[in-house]
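Structure, as structure tokens:
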Amino acid sequence: MTPTLPAVPYSPAVEHRDADEDATIAEMVKVFTDMAHTVAAQEGHAHRAVHAKGHALLRGRFRVLDGLSPELAQGLFAAPGEFDALVRLSSPPAEQLPDTVSTPRAMAVKILDVPGARVEGGDELRSQDFLMVNGPAFNTPGIGGFLRSAKLLAATTERMPRTKQVISATLRGTEAALEAVGGQSASLKALGGEPQHHPLGETFFTQVPFRYGDYIAKFSWVPVSPALVALTGTKLESEPDTQRDAISAFFAAPGAVAEWELRVQLCRDLEKMPIEDASVVWPEDLSPYLPVGRLVVEAQSSWSTDAEATEDALAFAPWHALAAHQPLGNLNRARRVVMAASREFRSRFNRCPIHEPTSTAGTSDTLR
């Protein structure tokens with residue numbers, strides 16, 4: 001058994017900027033805003049620069065677990081507590097593609113009315129957001145590879161929708177063959193080869209690290225309620241809105257309850273668990289994921305007729321955070337700038353100001 005090393009203390013020195021980072025981020029801003037302009041011009045509506053297609057917008061409650069060890073009792077998790085939360089399930093890219101083009105799934109959670117000092121560079125005052133996708137590592141080490149992938153994506157935005165469906169089906173077959181022999185390809189999944197599985201059975205990961213109070217960590221949402229565990233690996237038909245329909249059917253059932261456990265993986269070795277290379281899966285034999293909280297979502301309408309209008313007024317971002325959970329690494333630094341530019345364009349084009357929601361305990365509406 002591998003001995004458990006002490007958690008690496010957080011220090012600003014754990015981050016390392018490349019000389020050309022600012023120039024690369026500026027180019028990323030142009031690529032993503034150009035994609036947003038292209039989609040808005042075609043559809044008459046500005047969507048998110050990534051994860052544009054929403055499948056569900058849900059209300060829930062998040063609880064910090066009691067009795068956490070000193071290593072885990074950090075930041076938001078320093079003391080037990082309960083908070084209202086909003087949950088958005090979605091998929092990329094920047095356009096509203098049918099689910100027959102199968103791409104990775106995402107789960108964004110906004111925990112509301114969280115007290116504490118805010119991270120520098122954030123633009124919400126009381127929210128702690130966690131953005132995750134259904135894979136433990138990013139498909140490129142950093143922003144250089146991300147920029148190259150974004151340029152390829154931009155070249156096909158709002159073009160050849162039928163071709164994208166055919167390519168996606170082909171890639172899903174290739175990915176299934178790869179997984180049958182024990183492998184997975186993040187690149188294939190990002191390009192449209194993601195298998196069509198029920199999103200409520202997926203495990204989600206931040207892929208990139210964050211400050212965890214005195215330490216450094218990655219986060220994961222893990223389905224733990226029996227109804228969700230039963231959906232893990234469940235295949236869905238390849239239909240235009242198959243994910244939205246599957247989620248809606250689940251939460252429309254009387255007495256439906258979905259529960260995820262929030263887990264953290266503390267950095268215990270900077271060489272094997274790097275900060276700037278998001279393509280490296282941090283080894284769980286060195287540092288297993290440990291539970292720190294529970295998210296419960298009960299029966300409700302998961303996608304109402306005005307859901308898209310509600311989404312227009314909301315923003316989920318990793319920099320909506322406490323100082324104790326500052327996003328780390330070059331991808332997170334890029335996300336702060338790129339996502340802010342996307343939000344500004346989306347708000348201006350749609351003539352819909354983006355508001356930070358607050359808890360409204362005791363009413364049926366979580367937004368005000």
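Each chain in the structure tokens gets a letter, A, B, ..., in the order shown, and its residues are numbered from 1; ligands are numbered from 1 in order too.
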
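Neighbours of A:Tyr215 closer than or equal to 8 Å, with only C-alpha atoms counted and sequence neighbours fewer than 6 positions away skipped, come out as A:Ala7, A:Val8, A:Pro9, A:Tyr10, A:Glu71, A:Leu266, A:Cys267.
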
- Name the residues in contact with A:Glu239 at a cut-off of 12 Å, using only C-alpha atoms, excluding same-chain residues fewer than 3 positions from it; report them as JSON, numbers by chain. {"A": [97, 98, 99, 100, 101, 102, 165, 169, 196, 235, 236, 242, 243, 244, 245, 246]}

- Message: I want to know what sits within 9 Å of A:Leu5, based on only C-alpha atoms, with residues of the same chain fewer than 2 positions away left out; could you give that as a PyMOL selection string?
- Response: chain A and resi 2-3+7-8+268-269+286-287

Include C-alpha atoms and write out the residues we just selected as a compact mmCIF listing (two decimals), in the first residue's frame.
# COMPACT_ATOMS: atom_id res chain seq x y z
CA THR A 2 1.30 3.45 -0.95
CA PRO A 3 1.86 5.56 2.17
CA ALA A 7 -1.04 17.52 1.58
CA VAL A 8 1.07 20.06 -0.32
CA ARG A 268 0.20 15.36 -2.23
CA ASP A 269 3.00 15.37 -4.83
CA LEU A 286 -1.43 8.69 -3.82
CA SER A 287 -4.53 10.67 -2.87

Can you tell me, as a short mmCIF file (atom, residue, chain, number, x, y, z; two decimals) with N, CA and C atoms, in the first residue's frame, what residues are no more than 7 Å from stretch 291-303 of chain A when counting only C-alpha atoms, ignoring any on the same chain fewer than 2 positions away?
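What landed in result_12.cif:
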data_model
loop_
_atom_site.label_atom_id
_atom_site.label_comp_id
_atom_site.auth_asym_id
_atom_site.auth_seq_id
_atom_site.Cartn_x
_atom_site.Cartn_y
_atom_site.Cartn_z
N ALA A 56 -30.87 20.77 -18.35
CA ALA A 56 -31.68 20.88 -17.14
C ALA A 56 -31.20 22.06 -16.33
N LEU A 57 -32.13 22.70 -15.64
CA LEU A 57 -31.83 23.76 -14.67
C LEU A 57 -32.65 23.44 -13.43
N LEU A 58 -31.96 23.09 -12.35
CA LEU A 58 -32.60 22.48 -11.19
C LEU A 58 -32.29 23.26 -9.92
N ARG A 59 -33.17 23.12 -8.94
CA ARG A 59 -32.96 23.66 -7.60
C ARG A 59 -32.63 22.52 -6.65
N GLY A 60 -31.69 22.75 -5.74
CA GLY A 60 -31.34 21.72 -4.78
C GLY A 60 -30.81 22.30 -3.49
N ARG A 61 -30.37 21.42 -2.61
CA ARG A 61 -29.76 21.82 -1.34
C ARG A 61 -28.41 21.15 -1.20
N PHE A 62 -27.43 21.93 -0.79
CA PHE A 62 -26.08 21.40 -0.58
C PHE A 62 -25.75 21.45 0.91
N ARG A 63 -25.19 20.34 1.41
CA ARG A 63 -24.84 20.25 2.83
C ARG A 63 -23.37 19.91 2.99
N VAL A 64 -22.67 20.72 3.78
CA VAL A 64 -21.28 20.40 4.16
C VAL A 64 -21.33 19.34 5.24
N LEU A 65 -20.54 18.29 5.07
CA LEU A 65 -20.57 17.16 6.00
C LEU A 65 -20.00 17.54 7.36
N PHE A 77 -15.81 24.44 3.53
CA PHE A 77 -16.01 23.20 4.27
C PHE A 77 -15.45 23.26 5.70
N SER A 248 -35.61 15.02 -17.71
CA SER A 248 -36.98 15.46 -17.40
C SER A 248 -37.83 14.30 -16.90
N PHE A 251 -36.91 13.45 -13.14
CA PHE A 251 -37.37 14.36 -12.10
C PHE A 251 -38.88 14.57 -12.10
N ALA A 252 -39.56 14.12 -13.16
CA ALA A 252 -41.02 14.20 -13.19
C ALA A 252 -41.68 13.10 -12.38
N ALA A 253 -40.92 12.05 -12.04
CA ALA A 253 -41.48 10.94 -11.28
C ALA A 253 -41.77 11.38 -9.84
N PRO A 254 -42.95 11.08 -9.32
CA PRO A 254 -43.25 11.45 -7.92
C PRO A 254 -42.23 10.84 -6.96
N GLY A 255 -41.76 11.67 -6.05
CA GLY A 255 -40.81 11.20 -5.05
C GLY A 255 -39.40 11.04 -5.55
N ALA A 256 -39.09 11.51 -6.76
CA ALA A 256 -37.73 11.38 -7.30
C ALA A 256 -36.74 12.13 -6.43
N VAL A 257 -35.61 11.49 -6.17
CA VAL A 257 -34.53 12.12 -5.40
C VAL A 257 -33.21 11.77 -6.06
N ALA A 258 -32.41 12.80 -6.34
CA ALA A 258 -31.06 12.60 -6.85
C ALA A 258 -30.07 13.15 -5.83
N GLU A 259 -29.06 12.36 -5.53
CA GLU A 259 -28.08 12.81 -4.53
C GLU A 259 -26.67 12.52 -5.05
N TRP A 260 -25.86 13.57 -5.04
CA TRP A 260 -24.45 13.46 -5.40
C TRP A 260 -23.58 13.77 -4.17
N GLU A 261 -22.44 13.14 -4.11
CA GLU A 261 -21.46 13.43 -3.09
C GLU A 261 -20.36 14.29 -3.71
N LEU A 262 -20.02 15.39 -3.06
CA LEU A 262 -18.89 16.20 -3.49
C LEU A 262 -17.64 15.66 -2.81
N ARG A 263 -16.66 15.30 -3.64
CA ARG A 263 -15.42 14.75 -3.11
C ARG A 263 -14.24 15.61 -3.54
N VAL A 264 -13.19 15.62 -2.71
CA VAL A 264 -11.98 16.37 -3.03
C VAL A 264 -10.78 15.43 -3.04
N TYR A 289 -10.06 10.38 -3.65
CA TYR A 289 -11.11 11.38 -3.47
C TYR A 289 -11.84 11.11 -2.16
N THR A 305 -40.76 25.87 -19.93
CA THR A 305 -40.86 26.62 -21.18
C THR A 305 -40.03 27.89 -21.16
N ALA A 307 -37.11 28.13 -19.46
CA ALA A 307 -35.79 27.78 -18.94
C ALA A 307 -34.68 28.53 -19.67
#

- Task: Can you list, as a list in words, all residues belonging to stretch 259-320 of chain A that DSSP tags as strand (DSSP E)?
- Result: Glu259, Trp260, Glu261, Leu262, Arg263, Val264, Gln265, Leu266, Leu290, Pro291, Val292, Gly293, Arg294, Leu295, Val296, Val297 and Glu298 of chain A

- Query: Closest to A:Val208 among A:Phe138, A:Phe146, A:Trp221, A:Phe83, using only C-alpha atoms?
  - Reply: A:Phe138

- Message: Show me, as a ChimeraX atom specification, the residues that have an atom within 12 Å of A:Glu43 when counting only C-alpha atoms, minus same-chain residues fewer than 2 positions from it.
- Response: /A:36-41,45-47,94-97,157-158,349-350

- In Å, rounded to a single decimal, give me how far atom CA of A:Lys53 is from atom CA of A:Leu152.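 Distance between the two atoms: 19.3 Å.
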
- Query: Within 12 Å of A:Thr203, counting only C-alpha atoms, which residues qualify if same-chain residues fewer than 2 places away don't, as a PyMOL selection string?
  - Reply: chain A and resi 104-107+132-136+197-201+205-207+219-224+228-229+231-233+259-263

- Task: Write down as a list in words the residues of stretch 261-346 of chain A whose backbone DSSP state falls under helix (DSSP H, G or I).
- Result: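 Written out, the helix (DSSP H, G or I) residues of stretch 261-346 of chain A are Ala307, Glu308, Ala309, Thr310, Glu311, Asp312, Ala323, Ala324, His325, Asn330, Leu331, Asn332, Arg333, Ala334, Arg335, Arg336, Val337, Val338, Met339, Ala340, Ala341, Ser342, Arg343, Glu344, Phe345 and Arg346 of chain A.
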